[in-house]
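Asks: One structure coming up, written as structure tokens, with questions to follow.
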There are 6 protein chains.
Amino acid sequence: MAEYRYIQFSVEADIGHLQLNRPEKKNAINDALLLEIEDVFINMPEEVSAVLFSGNGPEFCSGLDLSEHVARDPYGVVLHSRMWHRVFGRIANSPIPVVAALHGAVIGGGMELASCAHVRVADETTYFRLPEGRHGIFVGGGASVRVGSILGSSRMMDMMLTGRTYDAVDGERLGLAHYCVEPGTALEKATELAKSIAQNSRLSNYAMVTGLSRIESMSMDDGLFTESLLAGMTQTSSEVQERIQGFLNRKKK
Amino acid sequence: MAEYRYIQFSVEADIGHLQLNRPEKKNAINDALLLEIEDVFINMPEEVSAVLFSGNGPEFCSGLDLSEHVARDPYGVVLHSRMWHRVFGRIANSPIPVVAALHGAVIGGGMELASCAHVRVADETTYFRLPEGRHGIFVGGGASVRVGSILGSSRMMDMMLTGRTYDAVDGERLGLAHYCVEPGTALEKATELAKSIAQNSRLSNYAMVTGLSRIESMSMDDGLFTESLLAGMTQTSSEVQERIQGFLNRKKK
Amino acid sequence: MAEYRYIQFSVEADIGHLQLNRPEKKNAINDALLLEIEDVFINMPEEVSAVLFSGNGPEFCSGLDLSEHVARDPYGVVLHSRMWHRVFGRIANSPIPVVAALHGAVIGGGMELASCAHVRVADETTYFRLPEGRHGIFVGGGASVRVGSILGSSRMMDMMLTGRTYDAVDGERLGLAHYCVEPGTALEKATELAKSIAQNSRLSNYAMVTGLSRIESMSMDDGLFTESLLAGMTQTSSEVQERIQGFLNRKKK
Amino acid sequence: MAEYRYIQFSVEADIGHLQLNRPEKKNAINDALLLEIEDVFINMPEEVSAVLFSGNGPEFCSGLDLSEHVARDPYGVVLHSRMWHRVFGRIANSPIPVVAALHGAVIGGGMELASCAHVRVADETTYFRLPEGRHGIFVGGGASVRVGSILGSSRMMDMMLTGRTYDAVDGERLGLAHYCVEPGTALEKATELAKSIAQNSRLSNYAMVTGLSRIESMSMDDGLFTESLLAGMTQTSSEVQERIQGFLNRKKK
Amino acid sequence: MAEYRYIQFSVEADIGHLQLNRPEKKNAINDALLLEIEDVFINMPEEVSAVLFSGNGPEFCSGLDLSEHVARDPYGVVLHSRMWHRVFGRIANSPIPVVAALHGAVIGGGMELASCAHVRVADETTYFRLPEGRHGIFVGGGASVRVGSILGSSRMMDMMLTGRTYDAVDGERLGLAHYCVEPGTALEKATELAKSIAQNSRLSNYAMVTGLSRIESMSMDDGLFTESLLAGMTQTSSEVQERIQGFLNRKKK
Amino acid sequence: MAEYRYIQFSVEADIGHLQLNRPEKKNAINDALLLEIEDVFINMPEEVSAVLFSGNGPEFCSGLDLSEHVARDPYGVVLHSRMWHRVFGRIANSPIPVVAALHGAVIGGGMELASCAHVRVADETTYFRLPEGRHGIFVGGGASVRVGSILGSSRMMDMMLTGRTYDAVDGERLGLAHYCVEPGTALEKATELAKSIAQNSRLSNYAMVTGLSRIESMSMDDGLFTESLLAGMTQTSSEVQERIQGFLNRKKK
């Protein structure tokens with residue numbers, strides 16, 4: 001396993017665990033940290049069936065470290081933002097499900113990171129904020145797409161224009177998190193979910209994490225067609241017959 | 001009225017009532033049941049202005065009966081899924097509004113069926129689940145499109161990956177149902193709504209059930225254009241003048 | 001400042017305030033009122049950085065005054081609806097954020113108007129209704145697009161088919177309002193938000209109010225590309241460097 | 001084989017042949033003729049692998065017979081047009097490729113019919129026209145979508161606004177036909193193509209006739225994803241291994 | 001009729017004629033010229049049924065006058081480009097068909113202007129070029145959308161990257177013009193077409209110039225739905241019955 | 001410069017040249033060759049401003065070597081196709097323009113490769129074919145998207161269903177190539193174009209090669225918005241002022 005400076009990555013059984021590990025900076029994101037995340041996903045061990053994502057220290061992630069902010073010309077900003085998109089796309093488009101455990105600050109780039117996970121567990125200390133608009137800039141790591149898709153553009157606009165904070169309960173209500181749990185228990189719950197998801201068939205998990213968001217962006221008619229193709233791809237493995245037989249046997253008992 | 005094996009269909013005044021009638025199997029769906037539903041919609045009596053959808057017995061519908069699961073090659077699975085799409089499209093694209101009364105299990109194919117209705121009433125015993133991903137397969141009757149459109153792809157992904165259950169209260173909160181009522185009263189409430197909807201103009205109902213989901217999938221600009229055309233189609237019938245005059249008269253009193 | 005018959009418009013510091021001012025008719029919308037709104041937005045004073053929208057009297061806006069309803073042929077209806085779209089588009093596509101203060105009736109065309117604002121504050125007396133389908137007509141001022149985008153087409157269909165009313169608490173829950181406040185305090189809260197938003201950089205505000213809804217309607221990949229361009233546009237002004245430096249200085253203290 | 005009044009349908013080996021057979025009316029389309037076409041596609045014999053489409057007499061099809069034009073209210077026109085869409089969709093979305101042999105007039109509804117075929121052969125007597133705009137109406141059988149997709153909306157607009165005629169050579173150049181052949185030889189060429197296409201694998205033909213137009217309407221990224229699914233569906237049949245082995249053997253000789 | 005500095009506008013019978021009139025500058029576009037065009041379309045006389053567009057002097061339009069180029073910050077460039085879009089949208093979205101007569105240079109902004117017309121006639125002296133990419137900038141008056149829609153993005157990319165010139169014959173072949181005529185006869189041919197188009201029903205013309213490009217950008221299924229609505233809008237005027245009867249009478253003779 | 005087995009890559013001045021170098025196999029594509037292409041684009045030297053793409057030997061590229069065809073299950077086929085998409089995306093989405101010189105066979109995967117280039121020069125020996133459908137499979141390297149976007153889905157369907165061959169002249173006419181030149185001169189012409197393109201500003205080239213195809217896939221309204229952002233990004237570099245001044249100076253002479 002590679003040694004990283006800003007993150008830690010470990011594997012236990014078929015579950016990988018990627019932890020942001022820059023607690024003294026509230027896990028603020030810099031380019032080096034991003035490239036370490038990319039490296040993990042490029043070299044993901046074959047045996048890993050689900051990935052946990054968490055943050056070491058009192059905050060999940062406070063976003064881009066503004067103290068490292070570099071003045072760039074417009075083209076430089078575009079290329080930099082595209083690099084963030086490339087890395088975050090590695091997470092969101094991973095063939096393996098990613099489960100995030102959130103707590104404390106989930107701010108700016110931290111929200112962009114969290115929104116790439118397929119399942120999000122927030123403990124009650126979690127709070128969400130997109131302060132970019134207040135600093136005179138705009139998001140550049142995918143928030144307008146991924147957070148926008150969760151909240152809808154109307155709520156997203158209010159959130160960014162006013163810089164308001166949503167707490168964990170609101171976060172669960174609005175879909176920023178799928179589960180809201182007691183303080184300090186997010187990782188435990190996320191681990192339990194990851195283990196459960198890892199027991200799904202690899203092929204089904206692939207269909208769910210890659211297919212559902214694509215189908216959402218298609219026209220209804222094309223989405224139905226694609227659903228049929230995904231059904232065709234998943235239902236013909238021998239594993240399926242066994243799983244269904246197993247289910248029927250359990251039901252009979 | 002035709003005699004059916006797996007469903008019942010009756011008409012009272014201008015309200016049709018299609019009831020899944022396979023209680024011993026929790027109204028599990030097989031191909032024959034689907035073709036009976038299609039037959040009802042193809043031969044819908046002219047006088048029917050709104051359709052009720054319900055399930056006989058303790059559950060609304062437990063989805064595809066896995067005990068009837070047939071192993072198919074990918075092409076066979078695709079064609080089979082397209083057949084489900086064709087039948088479910090008959091409901092969702094019906095020119096006449098469909099109101100579903102839900103209770104107990106609304107699982108898998110049962111959720112796909114329910115999501116084709118234009119209005120959904122759930123009593124408090126209702127619970128929703130999409131277990132396909134847990135069985136190693138994928139949905140194939142439109143859930144990725146119709147349930148996905150209600151929940152958003154992010155919540156949909158969590159629901160399918162983890163196989164979690166949402167109860168009736170959550171269902172109403174997330175839009176899986178539009179109304180949550182006391183146990184045993186879903187059909188009563190649905191009937192009341194269907195009767196009320198049946199009193200709308202036929203043309204308005206057509207515009208609402210066919211137009212709104214299409215406009216949602218268009219670009220904003222094209223959606224506005226289409227809205228204007230629908231307004232043009234509805235506002236010129238003589239019936240409209242009478243309805244508006246009636247409304248103004250009632251207001252004056 | 002121009003004199004208007006159906007509305008009032010005033011400017012205080014960098015905040016404009018457009019008030020519907022036809023209280024004896026519950027601020028019902030007619031074409032003359034619409035053209036007055038358009039006139040305000042065409043001639044918006046340069047110094048205005050945010051606009052407040054409110055209604056004088058006991059109701060925010062009861063929608064189209066049906067007593068002024070004119071029978072038109074389909075082409076006439078289409079052209080009339082397109083005129084509403086043109087005026088409402090002035091609000092929704094304004095380069096300057098618009099904050100609406102809602103109370104009492106927000107019905108039909110009033111909901112269409114409110115949904116053009118970028119931030120909506122509702123006091124607890126507010127209620128929302130789209131009765132067009134009950135009158136035998138269809139919406140024509142953008143509700144199928146803008147309210148549909150907030151509620152999703154499934155909830156929108158139920159709301160229009162049944163003519164149901166949502167109160168302020170439900171309205172906040174469903175996104176019809178972003179804030180629900182005590183009776184009589186909507187304008188106060190909206191003013192506070194507008195002042196805060198006016199302190200954002202003009203460029204950031206432009207990116208947020210024009211970019212976020214466009215990105216929502218693009219494919220994910222194109223949306224990310226556009227986000228990068230907006231980031232490039234905003235992050236290169238000298239103002240940004242000052243804002244970020246100011247933030248870092250405040251943090252240090 | 002059913003007996004029809006306005007068309008003929010015959011099967012030879014694995015090729016079906018549907019011929020418009022109303023030569024005294026230049027094969028003008030009425031509703032009865034449409035329903036006969038639908039009947040053919042609903043009851044397509046299993047052994048048919050490709051379908052020929054042609055017109056008996058001196059013209060392929062002169063479009064809607066205006067002498068049967070019925071005055072309808074807007075809703076009636078919409079429902080009537082939707083019926084045409086349903087029938088024409090049967091052709092365009094057929095799982096089996098359709099090859100049209102064109103000659104003489106291909107006008108209005110005749111162009112709409114021809115544009116549903118997957119391959120079009122025109123002899124040099126063929127000419128194309130969309131006169132609807134000149135009669136004060138609009139197309140209603142899919143021309144704005146299917147002919148528009150071939151010509152692009154800019155050329156389509158000129159063609160409809162001016163009522164201009166394109167001959168067979170222009171037709172081939174613009175994509176209205178894929179082949180332009182000597183007078184009287186269109187059916188011969190179409191038959192040859194249909195026989196050749198019928199020798200493709202059924203599954204490949206399904207992927208091509210259903211997939212390519214859907215992929216065109218998706219975002220680039222979603223289109224690529226769907227292409228991969230179609231590749232996955234087709235490449236795993238045992239038939240493929242035999243075909244590829246056969247190809248390699250032929251190459252070696 | 002208003003007096004203009006950079007253009008001329010005249011009306012004869014039901015045909016308007018807008019002529020670029022800055023021959024000493026090859027009809028180069030500046031902001032004042034654009035605002036004059038907008039003024040014509042805002043105040044289009046009711047009796048005008050079709051509009052001619054032409055250029056006075058040896059060239060149709062050589063595009064943006066670079067000698068008037070003003071250095072702007074990114075936000076300023078965006079707002080300026082949006083102003084061009086607003087004016088050009090007036091032409092392209094006009095409810096009345098616009099026919100352009102082209103000759104000589106049709107370069108940059110001149111191509112953007114020409115591509116807003118619904119029908120384009122080019123004489124053989126016409127040549128097309130998009131030199132923006134060669135000057136280190138990008139188009140900003142809609143070429144990437146409107147010329148891109150005609151040429152396809154692949155041909156558009158080559159044209160802009162290499163700055164190549166297409167002559168009139170190529171222009172017709174690629175759709176940049178719908179007609180290629182002898183030198184000096186473009187206006188004559190365009191006038192003939194405009195007069196012919198003006199004899200269509202106003203409603204049909206509206207449906208064609210507003211509907212066809214929208215339908216092109218919709219999914220196939222939504223496009224068909226919208227086609228039906230446009231058919232419903234046009235086919236119910238009493239004028240249609242007369243036109244169809246007239247056509248049938250002429251045919252009988 | 002890295003040493004490759006199946007390709008060659010060299011740099012002269014600011015032009016890179018990637019040549020397929022497997023002439024004994026007609027430059028057939030295997031996975032190792034693809035990964036070499038990817039390696040070139042990942043490690044593209046900073047000084048390269050445009051890339052040439054060509055094939056060594058008598059053919060440009062005969063596509064996937066079927067003799068290396070490996071039987072895979074559906075999931076394996078999908079993942080393999082996605083790998084091709086990743087590599088081909090490197091070319092098509094390159095920030096630097098790619099010019100392809102084509103000759104001889106451009107078949108299957110070879111067409112997919114060629115269609116990733118931004119400019120294509122074909123000499124008269126070139127011929128194009130997509131034989132996948134004839135072998136019982138489907139394309140999997142992007143042809144349905146990139147070739148489909150050039151030809152339109154209707155011509156694409158005929159080409160794949162019938163396996164027909166287009167020669168160089170037809171190829172230019174249909175957009176498969178942008179230039180058709182004498183036998184043996186494609187590389188010379190492509191080099192000339194690449195050198196010319198390399199003299200454009202880097203920023204303009206980026207806007208053209210990344211922006212134009214995205215704008216094509218957006219709604220008209222969103223496309224215009226994005227065009228304005230690209231204009232804003234390009235027009236503010238100091239280089240632009242110099243280029244425009246240079247152009248004006250040249251014109252004066």
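Letters for chains follow the order of the structure tokens (A, B, ...), residue numbers begin at 1 for each chain, and ligand numbers begin at 1 in the order shown.
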Produce a table with one row for each residue of chain D that has an atom at most 7 Å from any atom of chain F, each row naming the nearest atom pair and its distance in Å at one decimal; use only C-alpha atoms; arrange rows by chain and rising residue number; format as CSV.

Replies:
```
residue,atom,partner,partner_atom,distance
D:His118,CA,F:Met157,CA,6.6
D:Val119,CA,F:Asp158,CA,5.5
D:Ile150,CA,F:Ser154,CA,6.8
D:Gly175,CA,F:Arg155,CA,6.9
D:His178,CA,F:Arg155,CA,6.9
D:Leu193,CA,F:Thr162,CA,6.8
D:Ser196,CA,F:Thr162,CA,7.0
D:Ile197,CA,F:Thr162,CA,6.0
D:Asn200,CA,F:Arg134,CA,5.4
D:Ser201,CA,F:Gly136,CA,5.0
D:Ser204,CA,F:Gly136,CA,5.3
D:Asn205,CA,F:Leu161,CA,6.9
D:Met208,CA,F:Met157,CA,6.4
D:Val209,CA,F:Met157,CA,6.7
D:Leu212,CA,F:Ser153,CA,5.8
D:Ser213,CA,F:Ser153,CA,5.3
D:Ile215,CA,F:Val145,CA,6.6
D:Glu216,CA,F:Ser153,CA,6.3
D:Ser219,CA,F:Ser217,CA,6.2
D:Met220,CA,F:Val145,CA,6.4
D:Gly223,CA,F:Val145,CA,6.1
D:Leu224,CA,F:Gly142,CA,5.9
D:Glu227,CA,F:Gly140,CA,6.1
D:Ser228,CA,F:Val78,CA,5.0
D:Leu229,CA,F:Val78,CA,5.9
D:Leu230,CA,F:Phe138,CA,6.8
D:Ala231,CA,F:Phe138,CA,5.1
D:Gly232,CA,F:Pro74,CA,4.3
D:Met233,CA,F:Pro74,CA,6.2
D:Thr234,CA,F:Ile137,CA,5.2
D:Gln235,CA,F:Ile137,CA,5.3
D:Thr236,CA,F:Asp73,CA,6.1
D:Val240,CA,F:Gly136,CA,5.5
D:Arg243,CA,F:His135,CA,5.8
D:Ile244,CA,F:His135,CA,6.1
```

Asks: Using C-alpha atoms, can you export the residues from the last selection as a PDB file, in the first residue's frame?

Replies:
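Contents of out22.pdb, freshly written:
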```pdb
ATOM      1  CA  HIS D 118     -34.302   2.431 -41.665  1.00  0.00           C
ATOM      2  CA  VAL D 119     -32.982   2.289 -45.229  1.00  0.00           C
ATOM      3  CA  ILE D 150     -32.463  14.015 -41.543  1.00  0.00           C
ATOM      4  CA  GLY D 175     -30.177  11.958 -46.847  1.00  0.00           C
ATOM      5  CA  HIS D 178     -29.674   6.409 -48.972  1.00  0.00           C
ATOM      6  CA  LEU D 193     -30.435  -4.878 -49.434  1.00  0.00           C
ATOM      7  CA  SER D 196     -28.378  -8.881 -47.160  1.00  0.00           C
ATOM      8  CA  ILE D 197     -29.510  -7.226 -43.929  1.00  0.00           C
ATOM      9  CA  ASN D 200     -26.991 -10.130 -40.092  1.00  0.00           C
ATOM     10  CA  SER D 201     -27.534 -11.500 -36.620  1.00  0.00           C
ATOM     11  CA  SER D 204     -27.071  -6.892 -34.090  1.00  0.00           C
ATOM     12  CA  ASN D 205     -29.941  -5.669 -36.224  1.00  0.00           C
ATOM     13  CA  MET D 208     -28.603  -0.960 -34.773  1.00  0.00           C
ATOM     14  CA  VAL D 209     -32.226  -0.090 -35.469  1.00  0.00           C
ATOM     15  CA  LEU D 212     -28.389   4.388 -32.999  1.00  0.00           C
ATOM     16  CA  SER D 213     -31.166   6.965 -33.015  1.00  0.00           C
ATOM     17  CA  ILE D 215     -27.683   7.400 -28.825  1.00  0.00           C
ATOM     18  CA  GLU D 216     -27.929  10.375 -31.175  1.00  0.00           C
ATOM     19  CA  SER D 219     -25.435  13.548 -24.363  1.00  0.00           C
ATOM     20  CA  MET D 220     -22.079  12.342 -25.710  1.00  0.00           C
ATOM     21  CA  GLY D 223     -24.299   7.825 -25.553  1.00  0.00           C
ATOM     22  CA  LEU D 224     -20.912   6.220 -25.047  1.00  0.00           C
ATOM     23  CA  GLU D 227     -22.942   1.987 -26.732  1.00  0.00           C
ATOM     24  CA  SER D 228     -20.962  -0.130 -24.280  1.00  0.00           C
ATOM     25  CA  LEU D 229     -24.137  -1.785 -23.008  1.00  0.00           C
ATOM     26  CA  LEU D 230     -25.241  -2.604 -26.560  1.00  0.00           C
ATOM     27  CA  ALA D 231     -21.796  -4.008 -27.271  1.00  0.00           C
ATOM     28  CA  GLY D 232     -22.124  -6.131 -24.125  1.00  0.00           C
ATOM     29  CA  MET D 233     -25.520  -7.402 -25.202  1.00  0.00           C
ATOM     30  CA  THR D 234     -24.474  -8.394 -28.732  1.00  0.00           C
ATOM     31  CA  GLN D 235     -20.991  -9.776 -28.268  1.00  0.00           C
ATOM     32  CA  THR D 236     -21.765 -12.636 -25.978  1.00  0.00           C
ATOM     33  CA  VAL D 240     -20.899 -14.197 -32.667  1.00  0.00           C
ATOM     34  CA  ARG D 243     -19.511 -15.455 -37.344  1.00  0.00           C
ATOM     35  CA  ILE D 244     -16.098 -14.128 -36.418  1.00  0.00           C
TER      36      ILE D 244
END
```

Asks: Could you write out, as a PyMOL selection string, all the residues of segment 20-117 of chain E that DSSP marks as strand (DSSP E or B)?

Replies: chain E and resi 20+29+50-55+61+64+98-102+105-107

Asks: Which of segment 13-245 of chain C end up as helix (DSSP H, G or I) when DSSP is run on this backbone - answer as number ranges by chain?

Replies: C: 23-25, 31-42, 66-68, 74-92, 109-114, 132-135, 143-162, 168-174, 186-198, 202-217, 220-234, 238-245

Asks: Which segment 34-56 of chain D residues have any atom within 6 Å of an atom of segment 97-101 of chain D, and for each, what is the nearest pair of atoms with distance in Å to one decimal, counting only C-alpha atoms, rows sorted by chain and number, as CSV?

Replies:
```
residue,atom,partner,partner_atom,distance
D:Ala50,CA,D:Pro97,CA,5.1
D:Val51,CA,D:Val98,CA,4.7
D:Leu52,CA,D:Val99,CA,5.0
D:Phe53,CA,D:Ala100,CA,4.5
D:Ser54,CA,D:Ala101,CA,5.1
```

Asks: How about saving the chosen residues, all heavy atoms kept, as a short mmCIF file (atom, residue, chain, number, x, y, z; two decimals), in the first residue's frame?

Replies:
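Written out: part19.cif:
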```cif
data_model
loop_
_atom_site.label_atom_id
_atom_site.label_comp_id
_atom_site.auth_asym_id
_atom_site.auth_seq_id
_atom_site.Cartn_x
_atom_site.Cartn_y
_atom_site.Cartn_z
N ALA D 50 -36.49 -9.06 -42.09
CA ALA D 50 -36.42 -7.70 -42.64
C ALA D 50 -37.70 -7.45 -43.41
O ALA D 50 -38.30 -8.40 -43.93
CB ALA D 50 -35.20 -7.54 -43.55
N VAL D 51 -38.12 -6.19 -43.45
CA VAL D 51 -39.39 -5.85 -44.09
C VAL D 51 -39.14 -4.88 -45.24
O VAL D 51 -38.41 -3.90 -45.07
CB VAL D 51 -40.35 -5.21 -43.07
CG1 VAL D 51 -41.67 -4.81 -43.74
CG2 VAL D 51 -40.62 -6.14 -41.91
N LEU D 52 -39.75 -5.16 -46.39
CA LEU D 52 -39.76 -4.23 -47.52
C LEU D 52 -41.01 -3.38 -47.46
O LEU D 52 -42.08 -3.87 -47.10
CB LEU D 52 -39.77 -5.00 -48.84
CG LEU D 52 -38.45 -5.60 -49.28
CD1 LEU D 52 -38.71 -6.59 -50.41
CD2 LEU D 52 -37.52 -4.48 -49.75
N PHE D 53 -40.88 -2.14 -47.90
CA PHE D 53 -42.01 -1.21 -47.91
C PHE D 53 -42.04 -0.60 -49.30
O PHE D 53 -41.05 -0.04 -49.76
CB PHE D 53 -41.73 -0.11 -46.88
CG PHE D 53 -42.93 0.28 -46.09
CD1 PHE D 53 -43.06 -0.12 -44.78
CD2 PHE D 53 -43.95 1.03 -46.67
CE1 PHE D 53 -44.17 0.23 -44.03
CE2 PHE D 53 -45.06 1.37 -45.94
CZ PHE D 53 -45.19 0.98 -44.61
N SER D 54 -43.18 -0.68 -49.99
CA SER D 54 -43.24 -0.09 -51.33
C SER D 54 -44.64 0.42 -51.62
O SER D 54 -45.55 0.27 -50.81
CB SER D 54 -42.82 -1.12 -52.38
OG SER D 54 -43.82 -2.11 -52.48
#
```

Asks: How many Å lie between atom CA of Ala105 of chain B and atom CA of Thr191 of chain B, rounded to one decimal?

Replies: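 Answer for the atom CA of Ala105 of chain B to atom CA of Thr191 of chain B separation: 20.3 Å.
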
Asks: Please provide as a ChimeraX atom specification all residues within 8 Å of Ala114 of chain E, with the sequence filter that same-chain residues fewer than 4 positions apart are discarded (counting only C-alpha atoms).

Replies: /E:100,102,106,110,120

Asks: Next, the residues of the selection above should be written as a compact mmCIF listing (two decimals), in the first residue's frame with N, CA and C atoms.

Replies:
```
# COMPACT_ATOMS: atom_id res chain seq x y z
N ALA E 100 -33.06 35.95 -46.16
CA ALA E 100 -31.85 36.75 -46.37
C ALA E 100 -31.34 36.60 -47.79
N LEU E 102 -27.95 37.03 -49.80
CA LEU E 102 -26.52 37.15 -49.49
C LEU E 102 -25.71 37.35 -50.77
N VAL E 106 -19.62 37.18 -46.31
CA VAL E 106 -20.51 36.83 -45.19
C VAL E 106 -19.57 36.27 -44.13
N GLY E 110 -21.27 38.59 -39.62
CA GLY E 110 -22.16 38.56 -40.78
C GLY E 110 -22.77 37.18 -40.98
N ARG E 120 -32.19 31.35 -46.67
CA ARG E 120 -31.03 32.11 -47.14
C ARG E 120 -30.77 31.86 -48.62
```

Asks: Expressed in Å to a single decimal, how great is the separation between atom CA of Met111 of chain C and atom CA of Arg129 of chain C?

Replies: 7.6 Å

Asks: Just how far from atom CA of Glu242 of chain A is atom CA of Phe60 of chain B, in Å to one decimal?

Replies: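 Separating atom CA of Phe60 of chain B from atom CA of Glu242 of chain A is a distance of 27.7 Å.
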
Asks: What's the 8 Å shell around Leu33 of chain D, counting only C-alpha atoms, without same-chain residues fewer than 3 positions away, as a VMD selection string?

Replies: chain D and resid 5 to 7 29 to 30 36 to 37

Asks: Would you kindly return, as a list of chain:residue names, each protein, DNA or RNA residue with an atom no farther than 7 Å from any atom of Thr125 of chain F, considering only C-alpha atoms and excluding same-chain residues fewer than 4 positions away?

Replies: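 My reading of the contact set: F:His103, F:Gly104, F:Ala168, F:Pro183.
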
Asks: Using only C-alpha atoms, which residues sit within 6 Å of Ala177 of chain C once same-chain residues fewer than 4 positions away are excluded, as a list in words?

Replies: Arg120, Val121, Ala122, Gly171 and Glu172 of chain C

Asks: Next, dump the selected residues to file, keeping only N, CA and C atoms, as a tab-separated table (two decimals), in the first residue's frame.

Replies:
```
chain	number	residue	atom	x	y	z
C	120	ARG	N	-36.96	33.01	-1.80
C	120	ARG	CA	-38.35	33.25	-1.38
C	120	ARG	C	-38.51	33.09	0.12
C	121	VAL	N	-39.04	34.13	0.76
C	121	VAL	CA	-39.33	34.10	2.19
C	121	VAL	C	-40.85	34.11	2.34
C	122	ALA	N	-41.40	33.13	3.04
C	122	ALA	CA	-42.85	33.10	3.25
C	122	ALA	C	-43.15	33.26	4.73
C	171	GLY	N	-44.80	24.48	2.26
C	171	GLY	CA	-44.12	25.22	1.20
C	171	GLY	C	-42.62	25.24	1.40
C	172	GLU	N	-42.19	25.48	2.64
C	172	GLU	CA	-40.75	25.47	2.91
C	172	GLU	C	-40.18	24.08	2.74
```

Asks: Counting only C-alpha atoms, which residue out of B:Glu12, B:Glu46, B:Asp123, B:Asp31 sits closest to Arg202 of chain B?

Replies: B:Glu46

Asks: Can you tell me which residues surround Gly63 of chain C at a distance of at most 7 Å, considering only C-alpha atoms, apart from same-chain residues fewer than 2 positions away, and format the answer as a PyMOL selection string?

Replies: chain C and resi 28-29+61+65+107-110
